[in-house]
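Okay, structure-v2.pdb is below, PDB, C-alpha atoms:
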ATOM      1  CA  LYS A  23       4.277  13.998  14.044  1.00  0.00           C
ATOM      2  CA  ALA A  24       6.922  11.825  12.388  1.00  0.00           C
ATOM      3  CA  GLY A  25       5.862   9.490   9.603  1.00  0.00           C
ATOM      4  CA  VAL A  26       6.848   5.906   8.969  1.00  0.00           C
ATOM      5  CA  THR A  27      10.615   5.538   8.778  1.00  0.00           C
ATOM      6  CA  GLN A  28      12.304   2.777   6.848  1.00  0.00           C
ATOM      7  CA  THR A  29      16.020   2.127   6.896  1.00  0.00           C
ATOM      8  CA  PRO A  30      18.122   1.788   4.923  1.00  0.00           C
ATOM      9  CA  ARG A  31      16.726   3.475   1.807  1.00  0.00           C
ATOM     10  CA  TYR A  32      18.978   1.589  -0.588  1.00  0.00           C
ATOM     11  CA  LEU A  33      20.841  -1.676  -0.285  1.00  0.00           C
ATOM     12  CA  ILE A  34      22.991  -3.751  -2.598  1.00  0.00           C
ATOM     13  CA  LYS A  35      23.652  -7.344  -1.596  1.00  0.00           C
ATOM     14  CA  THR A  36      25.184 -10.409  -3.190  1.00  0.00           C
ATOM     15  CA  ARG A  37      23.318 -13.639  -3.852  1.00  0.00           C
ATOM     16  CA  GLY A  38      23.416 -15.920  -0.848  1.00  0.00           C
ATOM     17  CA  GLN A  39      23.779 -13.125   1.683  1.00  0.00           C
ATOM     18  CA  GLN A  40      21.114 -12.137   4.169  1.00  0.00           C
ATOM     19  CA  VAL A  41      19.590  -8.732   4.801  1.00  0.00           C
ATOM     20  CA  THR A  42      17.624  -7.026   7.571  1.00  0.00           C
ATOM     21  CA  LEU A  43      15.302  -4.115   6.906  1.00  0.00           C
ATOM     22  CA  SER A  44      13.867  -1.875   9.593  1.00  0.00           C
ATOM     23  CA  CYS A  45      10.574  -0.032   9.956  1.00  0.00           C
ATOM     24  CA  SER A  46       9.600   2.453  12.658  1.00  0.00           C
ATOM     25  CA  PRO A  47       5.847   3.108  12.608  1.00  0.00           C
ATOM     26  CA  ILE A  48       4.059   6.324  13.408  1.00  0.00           C
ATOM     27  CA  SER A  49       3.992   6.957  17.143  1.00  0.00           C
ATOM     28  CA  GLY A  50       1.016   5.186  18.675  1.00  0.00           C
ATOM     29  CA  HIS A  51       0.511   2.804  15.772  1.00  0.00           C
ATOM     30  CA  ARG A  52       0.687  -0.826  16.826  1.00  0.00           C
ATOM     31  CA  SER A  53       0.199  -2.534  13.492  1.00  0.00           C
ATOM     32  CA  VAL A  54       2.969  -2.916  10.917  1.00  0.00           C
ATOM     33  CA  SER A  55       2.652  -4.606   7.539  1.00  0.00           C
ATOM     34  CA  TRP A  56       5.310  -5.346   4.941  1.00  0.00           C
ATOM     35  CA  TYR A  57       4.960  -5.474   1.167  1.00  0.00           C
ATOM     36  CA  GLN A  58       7.212  -6.383  -1.736  1.00  0.00           C
ATOM     37  CA  GLN A  59       6.872  -4.437  -4.967  1.00  0.00           C
ATOM     38  CA  THR A  60       8.343  -5.684  -8.234  1.00  0.00           C
ATOM     39  CA  PRO A  61       7.575  -4.715 -11.833  1.00  0.00           C
ATOM     40  CA  GLY A  62       6.419  -8.230 -12.626  1.00  0.00           C
ATOM     41  CA  GLN A  63       4.361  -9.122  -9.555  1.00  0.00           C
ATOM     42  CA  GLY A  64       3.193  -5.707  -8.394  1.00  0.00           C
ATOM     43  CA  LEU A  65       2.550  -5.137  -4.703  1.00  0.00           C
ATOM     44  CA  GLN A  66       2.459  -8.314  -2.672  1.00  0.00           C
ATOM     45  CA  PHE A  67       1.753  -8.705   1.016  1.00  0.00           C
ATOM     46  CA  LEU A  68       4.538 -10.257   3.065  1.00  0.00           C
ATOM     47  CA  PHE A  69       3.358 -10.212   6.668  1.00  0.00           C
ATOM     48  CA  GLU A  70       1.552  -8.227   9.300  1.00  0.00           C
ATOM     49  CA  TYR A  71       2.399  -7.697  12.960  1.00  0.00           C
ATOM     50  CA  PHE A  72       0.278  -6.406  15.776  1.00  0.00           C
ATOM     51  CA  SER A  73       1.477  -6.142  19.368  1.00  0.00           C
ATOM     52  CA  GLU A  74       4.569  -8.264  18.629  1.00  0.00           C
ATOM     53  CA  THR A  75       2.487 -11.080  17.112  1.00  0.00           C
ATOM     54  CA  GLN A  76       2.383 -12.084  13.478  1.00  0.00           C
ATOM     55  CA  ARG A  77      -1.251 -11.774  12.540  1.00  0.00           C
ATOM     56  CA  ASN A  78      -1.058 -12.650   8.851  1.00  0.00           C
ATOM     57  CA  LYS A  79       1.498 -14.018   6.445  1.00  0.00           C
ATOM     58  CA  GLY A  80       1.622 -13.835   2.678  1.00  0.00           C
ATOM     59  CA  ASN A  81       2.669 -16.514   0.259  1.00  0.00           C
ATOM     60  CA  PHE A  82       6.433 -16.169   0.474  1.00  0.00           C
ATOM     61  CA  PRO A  83       9.101 -18.787   1.206  1.00  0.00           C
ATOM     62  CA  GLY A  84      10.451 -19.274   4.698  1.00  0.00           C
ATOM     63  CA  ARG A  85      13.550 -17.247   3.782  1.00  0.00           C
ATOM     64  CA  PHE A  86      11.396 -14.212   4.489  1.00  0.00           C
ATOM     65  CA  SER A  87      10.796 -13.578   8.158  1.00  0.00           C
ATOM     66  CA  GLY A  88       9.949 -10.718  10.407  1.00  0.00           C
ATOM     67  CA  ARG A  89       9.384  -9.617  13.944  1.00  0.00           C
ATOM     68  CA  GLN A  90       7.994  -6.747  15.926  1.00  0.00           C
ATOM     69  CA  PHE A  91       9.406  -5.285  19.101  1.00  0.00           C
ATOM     70  CA  SER A  92       7.610  -3.957  22.149  1.00  0.00           C
ATOM     71  CA  ASN A  93       7.969  -0.379  20.856  1.00  0.00           C
ATOM     72  CA  SER A  94       6.144  -1.488  17.658  1.00  0.00           C
ATOM     73  CA  ARG A  95       9.264  -1.161  15.505  1.00  0.00           C
ATOM     74  CA  SER A  96       9.513  -4.018  13.055  1.00  0.00           C
ATOM     75  CA  GLU A  97      12.258  -5.748  11.154  1.00  0.00           C
ATOM     76  CA  MET A  98      12.119  -8.108   8.242  1.00  0.00           C
ATOM     77  CA  ASN A  99      14.878 -10.483   7.304  1.00  0.00           C
ATOM     78  CA  VAL A 100      15.600 -12.234   4.044  1.00  0.00           C
ATOM     79  CA  SER A 101      18.130 -15.027   4.152  1.00  0.00           C
ATOM     80  CA  THR A 102      19.995 -16.670   1.271  1.00  0.00           C
ATOM     81  CA  LEU A 103      19.183 -13.837  -1.106  1.00  0.00           C
ATOM     82  CA  GLU A 104      18.226 -14.609  -4.690  1.00  0.00           C
ATOM     83  CA  LEU A 105      18.292 -12.302  -7.698  1.00  0.00           C
ATOM     84  CA  GLY A 106      14.489 -12.350  -7.700  1.00  0.00           C
ATOM     85  CA  ASP A 107      14.412 -10.753  -4.267  1.00  0.00           C
ATOM     86  CA  SER A 108      15.442  -7.454  -5.844  1.00  0.00           C
ATOM     87  CA  ALA A 109      12.506  -5.199  -5.134  1.00  0.00           C
ATOM     88  CA  LEU A 110      11.148  -2.199  -3.305  1.00  0.00           C
ATOM     89  CA  TYR A 111      10.141  -3.252   0.206  1.00  0.00           C
ATOM     90  CA  LEU A 112       7.454  -1.102   1.750  1.00  0.00           C
ATOM     91  CA  CYS A 113       6.276  -0.943   5.320  1.00  0.00           C
ATOM     92  CA  ALA A 114       2.896   0.410   6.422  1.00  0.00           C
ATOM     93  CA  SER A 115       1.681   1.348   9.873  1.00  0.00           C
ATOM     94  CA  SER A 116      -1.857   1.597  11.208  1.00  0.00           C
ATOM     95  CA  LEU A 117      -3.638   2.214  14.466  1.00  0.00           C
ATOM     96  CA  THR A 118      -5.539  -0.968  13.598  1.00  0.00           C
ATOM     97  CA  GLY A 119      -9.219  -1.672  13.767  1.00  0.00           C
ATOM     98  CA  GLU A 120     -12.042  -0.556  11.562  1.00  0.00           C
ATOM     99  CA  ASN A 121     -11.914   2.784   9.818  1.00  0.00           C
ATOM    100  CA  THR A 122      -8.219   3.279  10.224  1.00  0.00           C
ATOM    101  CA  GLU A 123      -5.899   4.576   7.582  1.00  0.00           C
ATOM    102  CA  ALA A 124      -2.602   2.951   6.651  1.00  0.00           C
ATOM    103  CA  PHE A 125       0.507   5.039   6.039  1.00  0.00           C
ATOM    104  CA  PHE A 126       3.617   3.901   4.242  1.00  0.00           C
ATOM    105  CA  GLY A 127       7.288   4.621   4.613  1.00  0.00           C
ATOM    106  CA  GLN A 128       9.543   5.623   1.728  1.00  0.00           C
ATOM    107  CA  GLY A 129      10.598   2.050   1.189  1.00  0.00           C
ATOM    108  CA  THR A 130      13.890   0.195   0.994  1.00  0.00           C
ATOM    109  CA  ARG A 131      15.131  -0.545  -2.490  1.00  0.00           C
ATOM    110  CA  LEU A 132      17.035  -3.824  -2.401  1.00  0.00           C
ATOM    111  CA  THR A 133      19.226  -4.888  -5.286  1.00  0.00           C
ATOM    112  CA  VAL A 134      20.676  -8.398  -5.302  1.00  0.00           C
ATOM    113  CA  VAL A 135      23.643  -8.933  -7.609  1.00  0.00           C
TER     114      VAL A 135
ATOM    115  CA  ALA B  11     -10.034 -14.172  -8.694  1.00  0.00           C
ATOM    116  CA  GLN B  12      -8.826 -10.597  -8.676  1.00  0.00           C
ATOM    117  CA  LYS B  13     -10.031  -8.816  -5.582  1.00  0.00           C
ATOM    118  CA  ILE B  14      -9.046  -5.347  -6.777  1.00  0.00           C
ATOM    119  CA  THR B  15      -9.258  -4.477 -10.453  1.00  0.00           C
ATOM    120  CA  GLN B  16      -7.893  -1.359 -12.055  1.00  0.00           C
ATOM    121  CA  THR B  17      -8.652  -1.573 -15.753  1.00  0.00           C
ATOM    122  CA  GLN B  18      -6.803   1.553 -16.887  1.00  0.00           C
ATOM    123  CA  PRO B  19      -3.058   0.944 -17.218  1.00  0.00           C
ATOM    124  CA  GLY B  20      -2.552   4.563 -18.233  1.00  0.00           C
ATOM    125  CA  MET B  21      -4.499   7.804 -18.321  1.00  0.00           C
ATOM    126  CA  PHE B  22      -3.780  11.236 -19.726  1.00  0.00           C
ATOM    127  CA  VAL B  23      -5.363  14.445 -18.501  1.00  0.00           C
ATOM    128  CA  GLN B  24      -4.786  18.083 -19.232  1.00  0.00           C
ATOM    129  CA  GLU B  25      -3.774  20.382 -16.411  1.00  0.00           C
ATOM    130  CA  LYS B  26      -6.755  21.883 -14.505  1.00  0.00           C
ATOM    131  CA  GLU B  27      -9.128  19.215 -15.810  1.00  0.00           C
ATOM    132  CA  ALA B  28     -10.763  16.537 -13.647  1.00  0.00           C
ATOM    133  CA  VAL B  29      -9.934  12.854 -14.078  1.00  0.00           C
ATOM    134  CA  THR B  30     -11.509   9.640 -12.793  1.00  0.00           C
ATOM    135  CA  LEU B  31      -9.443   6.545 -12.053  1.00  0.00           C
ATOM    136  CA  ASP B  32     -11.459   3.343 -11.920  1.00  0.00           C
ATOM    137  CA  CYS B  33     -11.364   0.661  -9.265  1.00  0.00           C
ATOM    138  CA  THR B  34     -13.645  -2.295  -8.698  1.00  0.00           C
ATOM    139  CA  TYR B  35     -13.390  -4.725  -5.829  1.00  0.00           C
ATOM    140  CA  ASP B  36     -14.679  -8.103  -4.828  1.00  0.00           C
ATOM    141  CA  THR B  37     -15.379  -9.247  -1.293  1.00  0.00           C
ATOM    142  CA  SER B  38     -18.053 -11.079   0.633  1.00  0.00           C
ATOM    143  CA  ASP B  39     -17.030  -9.561   3.955  1.00  0.00           C
ATOM    144  CA  PRO B  40     -19.429  -6.800   5.060  1.00  0.00           C
ATOM    145  CA  SER B  41     -16.603  -4.951   6.786  1.00  0.00           C
ATOM    146  CA  TYR B  42     -13.872  -3.618   4.532  1.00  0.00           C
ATOM    147  CA  GLY B  43     -11.942  -0.482   3.757  1.00  0.00           C
ATOM    148  CA  LEU B  44     -10.891   1.002   0.456  1.00  0.00           C
ATOM    149  CA  PHE B  45      -7.778   3.085  -0.059  1.00  0.00           C
ATOM    150  CA  TRP B  46      -6.138   5.096  -2.773  1.00  0.00           C
ATOM    151  CA  TYR B  47      -2.410   5.724  -2.844  1.00  0.00           C
ATOM    152  CA  LYS B  48      -0.173   7.796  -5.088  1.00  0.00           C
ATOM    153  CA  GLN B  49       3.296   6.543  -5.927  1.00  0.00           C
ATOM    154  CA  PRO B  50       5.639   9.002  -7.639  1.00  0.00           C
ATOM    155  CA  SER B  51       8.828   7.814  -9.287  1.00  0.00           C
ATOM    156  CA  SER B  52      10.663   8.155  -5.960  1.00  0.00           C
ATOM    157  CA  GLY B  53       8.774   5.063  -4.766  1.00  0.00           C
ATOM    158  CA  GLU B  54       7.097   6.406  -1.664  1.00  0.00           C
ATOM    159  CA  MET B  55       3.464   5.325  -1.286  1.00  0.00           C
ATOM    160  CA  ILE B  56       1.455   8.423  -0.394  1.00  0.00           C
ATOM    161  CA  PHE B  57      -1.943   7.962   1.255  1.00  0.00           C
ATOM    162  CA  LEU B  58      -4.679   9.927  -0.511  1.00  0.00           C
ATOM    163  CA  ILE B  59      -8.093   8.871   0.713  1.00  0.00           C
ATOM    164  CA  TYR B  60      -9.972   6.180   2.639  1.00  0.00           C
ATOM    165  CA  GLN B  61     -13.554   4.877   2.492  1.00  0.00           C
ATOM    166  CA  GLY B  62     -15.005   2.449   5.018  1.00  0.00           C
ATOM    167  CA  SER B  63     -17.682   0.012   3.913  1.00  0.00           C
ATOM    168  CA  TYR B  64     -20.153   1.418   6.425  1.00  0.00           C
ATOM    169  CA  ASP B  65     -19.524   5.043   5.542  1.00  0.00           C
ATOM    170  CA  GLN B  66     -22.695   6.610   4.176  1.00  0.00           C
ATOM    171  CA  GLN B  67     -21.040   9.501   2.429  1.00  0.00           C
ATOM    172  CA  ASN B  68     -18.306   9.538  -0.176  1.00  0.00           C
ATOM    173  CA  ALA B  69     -14.907  10.431   1.245  1.00  0.00           C
ATOM    174  CA  THR B  70     -13.242  13.676   0.202  1.00  0.00           C
ATOM    175  CA  GLU B  71      -9.759  15.018   0.889  1.00  0.00           C
ATOM    176  CA  GLY B  72      -9.014  18.322  -0.786  1.00  0.00           C
ATOM    177  CA  ARG B  73      -8.911  17.758  -4.550  1.00  0.00           C
ATOM    178  CA  TYR B  74      -9.481  14.017  -4.108  1.00  0.00           C
ATOM    179  CA  SER B  75     -12.864  12.384  -3.768  1.00  0.00           C
ATOM    180  CA  LEU B  76     -13.864   8.761  -3.781  1.00  0.00           C
ATOM    181  CA  ASN B  77     -16.976   7.823  -5.726  1.00  0.00           C
ATOM    182  CA  PHE B  78     -18.159   4.855  -3.674  1.00  0.00           C
ATOM    183  CA  GLN B  79     -20.881   2.740  -5.290  1.00  0.00           C
ATOM    184  CA  LYS B  80     -21.349  -0.177  -2.939  1.00  0.00           C
ATOM    185  CA  ALA B  81     -23.886  -2.131  -5.009  1.00  0.00           C
ATOM    186  CA  ARG B  82     -21.614  -1.988  -8.033  1.00  0.00           C
ATOM    187  CA  LYS B  83     -18.511  -2.654  -5.881  1.00  0.00           C
ATOM    188  CA  SER B  84     -16.685   0.290  -7.303  1.00  0.00           C
ATOM    189  CA  ALA B  85     -14.506   2.904  -5.624  1.00  0.00           C
ATOM    190  CA  ASN B  86     -13.351   5.343  -8.252  1.00  0.00           C
ATOM    191  CA  LEU B  87     -10.935   8.141  -7.442  1.00  0.00           C
ATOM    192  CA  VAL B  88     -11.770  11.575  -8.786  1.00  0.00           C
ATOM    193  CA  ILE B  89      -9.012  14.165  -8.947  1.00  0.00           C
ATOM    194  CA  SER B  90     -10.296  17.646  -9.608  1.00  0.00           C
ATOM    195  CA  ALA B  91      -8.225  20.447 -11.123  1.00  0.00           C
ATOM    196  CA  SER B  92      -5.279  18.223 -12.073  1.00  0.00           C
ATOM    197  CA  GLN B  93      -1.787  19.556 -11.536  1.00  0.00           C
ATOM    198  CA  LEU B  94       1.491  18.582 -13.194  1.00  0.00           C
ATOM    199  CA  GLY B  95       2.609  17.168  -9.847  1.00  0.00           C
ATOM    200  CA  ASP B  96      -0.241  14.658  -9.948  1.00  0.00           C
ATOM    201  CA  SER B  97       1.657  12.641 -12.570  1.00  0.00           C
ATOM    202  CA  ALA B  98       2.368   9.326 -10.840  1.00  0.00           C
ATOM    203  CA  MET B  99       1.146   5.757 -10.385  1.00  0.00           C
ATOM    204  CA  TYR B 100      -2.126   5.429  -8.498  1.00  0.00           C
ATOM    205  CA  PHE B 101      -3.059   2.298  -6.603  1.00  0.00           C
ATOM    206  CA  CYS B 102      -6.401   1.216  -5.263  1.00  0.00           C
ATOM    207  CA  ALA B 103      -6.271  -1.135  -2.264  1.00  0.00           C
ATOM    208  CA  MET B 104      -8.680  -2.976  -0.005  1.00  0.00           C
ATOM    209  CA  ARG B 105      -8.527  -4.117   3.591  1.00  0.00           C
ATOM    210  CA  GLU B 106     -10.881  -7.036   4.022  1.00  0.00           C
ATOM    211  CA  GLY B 107     -12.366  -7.850   7.410  1.00  0.00           C
ATOM    212  CA  ARG B 108     -12.120  -6.286  10.838  1.00  0.00           C
ATOM    213  CA  PHE B 109      -9.071  -7.906  12.382  1.00  0.00           C
ATOM    214  CA  THR B 110      -6.368  -7.308   9.859  1.00  0.00           C
ATOM    215  CA  ASP B 111      -4.506  -4.414   8.317  1.00  0.00           C
ATOM    216  CA  LYS B 112      -3.412  -6.444   5.306  1.00  0.00           C
ATOM    217  CA  LEU B 113      -3.985  -4.545   2.075  1.00  0.00           C
ATOM    218  CA  ILE B 114      -4.711  -6.093  -1.298  1.00  0.00           C
ATOM    219  CA  PHE B 115      -3.585  -3.872  -4.153  1.00  0.00           C
ATOM    220  CA  GLY B 116      -4.669  -3.406  -7.722  1.00  0.00           C
ATOM    221  CA  THR B 117      -2.180  -3.246 -10.571  1.00  0.00           C
ATOM    222  CA  GLY B 118      -2.219   0.528 -10.656  1.00  0.00           C
ATOM    223  CA  THR B 119      -2.938   3.291 -13.159  1.00  0.00           C
ATOM    224  CA  ARG B 120      -0.225   5.559 -14.473  1.00  0.00           C
ATOM    225  CA  LEU B 121      -1.583   9.093 -14.687  1.00  0.00           C
ATOM    226  CA  GLN B 122       0.150  11.675 -16.822  1.00  0.00           C
ATOM    227  CA  VAL B 123      -0.858  15.308 -16.603  1.00  0.00           C
ATOM    228  CA  PHE B 124       0.120  17.510 -19.537  1.00  0.00           C
ATOM    229  CA  PRO B 125       0.152  21.313 -19.764  1.00  0.00           C
TER     230      PRO B 125
END
The structure given in the file should be rewritten as structure tokens.
Amino acid sequence: KAGVTQTPRYLIKTRGQQVTLSCSPISGHRSVSWYQQTPGQGLQFLFEYFSETQRNKGNFPGRFSGRQFSNSRSEMNVSTLELGDSALYLCASSLTGENTEAFFGQGTRLTVV
Amino acid sequence: AQKITQTQPGMFVQEKEAVTLDCTYDTSDPSYGLFWYKQPSSGEMIFLIYQGSYDQQNATEGRYSLNFQKARKSANLVISASQLGDSAMYFCAMREGRFTDKLIFGTGTRLQVFP
């Protein structure tokens, strides 16, 4: 059974550009969550999708957006990149509901220069 | 207020010894889940163990066990027979409520296993 797949693994972008990250959850999982990890702020929740609907959103500016497709794959987009957006972006997938485990992908390491 | 607290920034343990990583949590929701993840330097977040708030018994997964003390709101991870490959960051996380998969993470504990 394939795990959670995130692409690309590494990305270098220039300030002001936009970026799209992709996450393919484990087959059968309908819930996808995104997290930002930085040395200063730790792991912070970005948003959560279930059945193509955003169920929860973290405290991030509107430059951060996401969506989920009918096959449960999810994308997140960051527009007008800032240096502070440099981080490891992690995606997790779950079956959803009580007593369900959450599995993460390998992450996308974004560097903004 | 911190919902997940990991008070040990770093821990050292000798190979083959057991080690306990501390985690306390705070929630008023009766339904929650507690997770432990391992993050090696490569960055991948590896799922280790899960404990549901209604589970009567402590969770175990191979060398990992979760010491769940509900009244004290603690969910400590016990790693038995430590191996050099266990050196990594360890994160405790909580899912709060029934209709979300959002995880709240602690600040992590860096575990170093020495020969």
Computed interatomic separation between CA of Pro19 in chain B and CA of Asp96 in chain B (Å):
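Between CA of Pro19 in chain B and CA of Asp96 in chain B the gap is 15.8 Å.
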Show me, as a ChimeraX atom specification, every residue of chain A with an atom at most 9 Å from chain B, counting only C-alpha atoms.
/A:53-56,63-67,69-72,77-78,110,112,115-116,118-129,131
File dump, residues just selected, C-alpha atoms, as a PDB file, in the frame of the given file:
ATOM      1  CA  SER A  53       0.199  -2.534  13.492  1.00  0.00           C
ATOM      2  CA  VAL A  54       2.969  -2.916  10.917  1.00  0.00           C
ATOM      3  CA  SER A  55       2.652  -4.606   7.539  1.00  0.00           C
ATOM      4  CA  TRP A  56       5.310  -5.346   4.941  1.00  0.00           C
ATOM      5  CA  GLN A  63       4.361  -9.122  -9.555  1.00  0.00           C
ATOM      6  CA  GLY A  64       3.193  -5.707  -8.394  1.00  0.00           C
ATOM      7  CA  LEU A  65       2.550  -5.137  -4.703  1.00  0.00           C
ATOM      8  CA  GLN A  66       2.459  -8.314  -2.672  1.00  0.00           C
ATOM      9  CA  PHE A  67       1.753  -8.705   1.016  1.00  0.00           C
ATOM     10  CA  PHE A  69       3.358 -10.212   6.668  1.00  0.00           C
ATOM     11  CA  GLU A  70       1.552  -8.227   9.300  1.00  0.00           C
ATOM     12  CA  TYR A  71       2.399  -7.697  12.960  1.00  0.00           C
ATOM     13  CA  PHE A  72       0.278  -6.406  15.776  1.00  0.00           C
ATOM     14  CA  ARG A  77      -1.251 -11.774  12.540  1.00  0.00           C
ATOM     15  CA  ASN A  78      -1.058 -12.650   8.851  1.00  0.00           C
ATOM     16  CA  LEU A 110      11.148  -2.199  -3.305  1.00  0.00           C
ATOM     17  CA  LEU A 112       7.454  -1.102   1.750  1.00  0.00           C
ATOM     18  CA  SER A 115       1.681   1.348   9.873  1.00  0.00           C
ATOM     19  CA  SER A 116      -1.857   1.597  11.208  1.00  0.00           C
ATOM     20  CA  THR A 118      -5.539  -0.968  13.598  1.00  0.00           C
ATOM     21  CA  GLY A 119      -9.219  -1.672  13.767  1.00  0.00           C
ATOM     22  CA  GLU A 120     -12.042  -0.556  11.562  1.00  0.00           C
ATOM     23  CA  ASN A 121     -11.914   2.784   9.818  1.00  0.00           C
ATOM     24  CA  THR A 122      -8.219   3.279  10.224  1.00  0.00           C
ATOM     25  CA  GLU A 123      -5.899   4.576   7.582  1.00  0.00           C
ATOM     26  CA  ALA A 124      -2.602   2.951   6.651  1.00  0.00           C
ATOM     27  CA  PHE A 125       0.507   5.039   6.039  1.00  0.00           C
ATOM     28  CA  PHE A 126       3.617   3.901   4.242  1.00  0.00           C
ATOM     29  CA  GLY A 127       7.288   4.621   4.613  1.00  0.00           C
ATOM     30  CA  GLN A 128       9.543   5.623   1.728  1.00  0.00           C
ATOM     31  CA  GLY A 129      10.598   2.050   1.189  1.00  0.00           C
ATOM     32  CA  ARG A 131      15.131  -0.545  -2.490  1.00  0.00           C
TER      33      ARG A 131
END
What separation in Å, quoted to one decimal, exists between CA of Thr119 in chain B and CA of Gln16 in chain B?
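Answer for the CA of Thr119 in chain B to CA of Gln16 in chain B separation: 6.9 Å.
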Neighbour list for Ser46 in chain A as a list in words, cut-off 8 Å, only C-alpha atoms, skip fewer than 5 positions in-chain:
Val26, Thr27, Gln28, Ser94, Arg95 and Ser96 of chain A
Report, in Å to a single decimal, how far apart CA of Ala81 in chain B and CA of Thr37 in chain B are.
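Spanning CA of Thr37 in chain B to CA of Ala81 in chain B is a straight-line distance of 11.7 Å.
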Might you pull out every residue within 12 Å of Val29 in chain B, with only C-alpha atoms counted and same-chain residues fewer than 2 positions away left off, and present them as a list in words?
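Within the cut-off, the hits are Gly20, Met21, Phe22, Val23, Gln24, Glu25, Lys26, Glu27, Leu31, Asp32, Arg73, Tyr74, Ser75, Leu76, Asn86, Leu87, Val88, Ile89, Ser90, Ala91, Ser92, Gln93, Asp96, Ser97, Thr119, Leu121, Gln122 and Val123 of chain B.
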Written as a PyMOL selection string, what is the full residue list that the PyMOL selection byres ((chain B and resi 13) around 6) yields on the file shown?
chain B and resi 12+14+35-36
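Checking A:Pro30, A:Gly62, A:Pro47, A:Pro83 one by one against Thr102 in chain A, counting only C-alpha atoms, you find the shortest gap at A:Pro83.
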Might I get the box with edges along x, y and z of the file that holds all atoms of range 82-91 of chain B listed there, padded by 6 Å on every side, given as centre and edge lengths in Å to one decimal, as JSON?
{"center_x": -14.9, "center_y": 8.9, "center_z": -8.4, "size_x": 25.4, "size_y": 35.1, "size_z": 17.5}
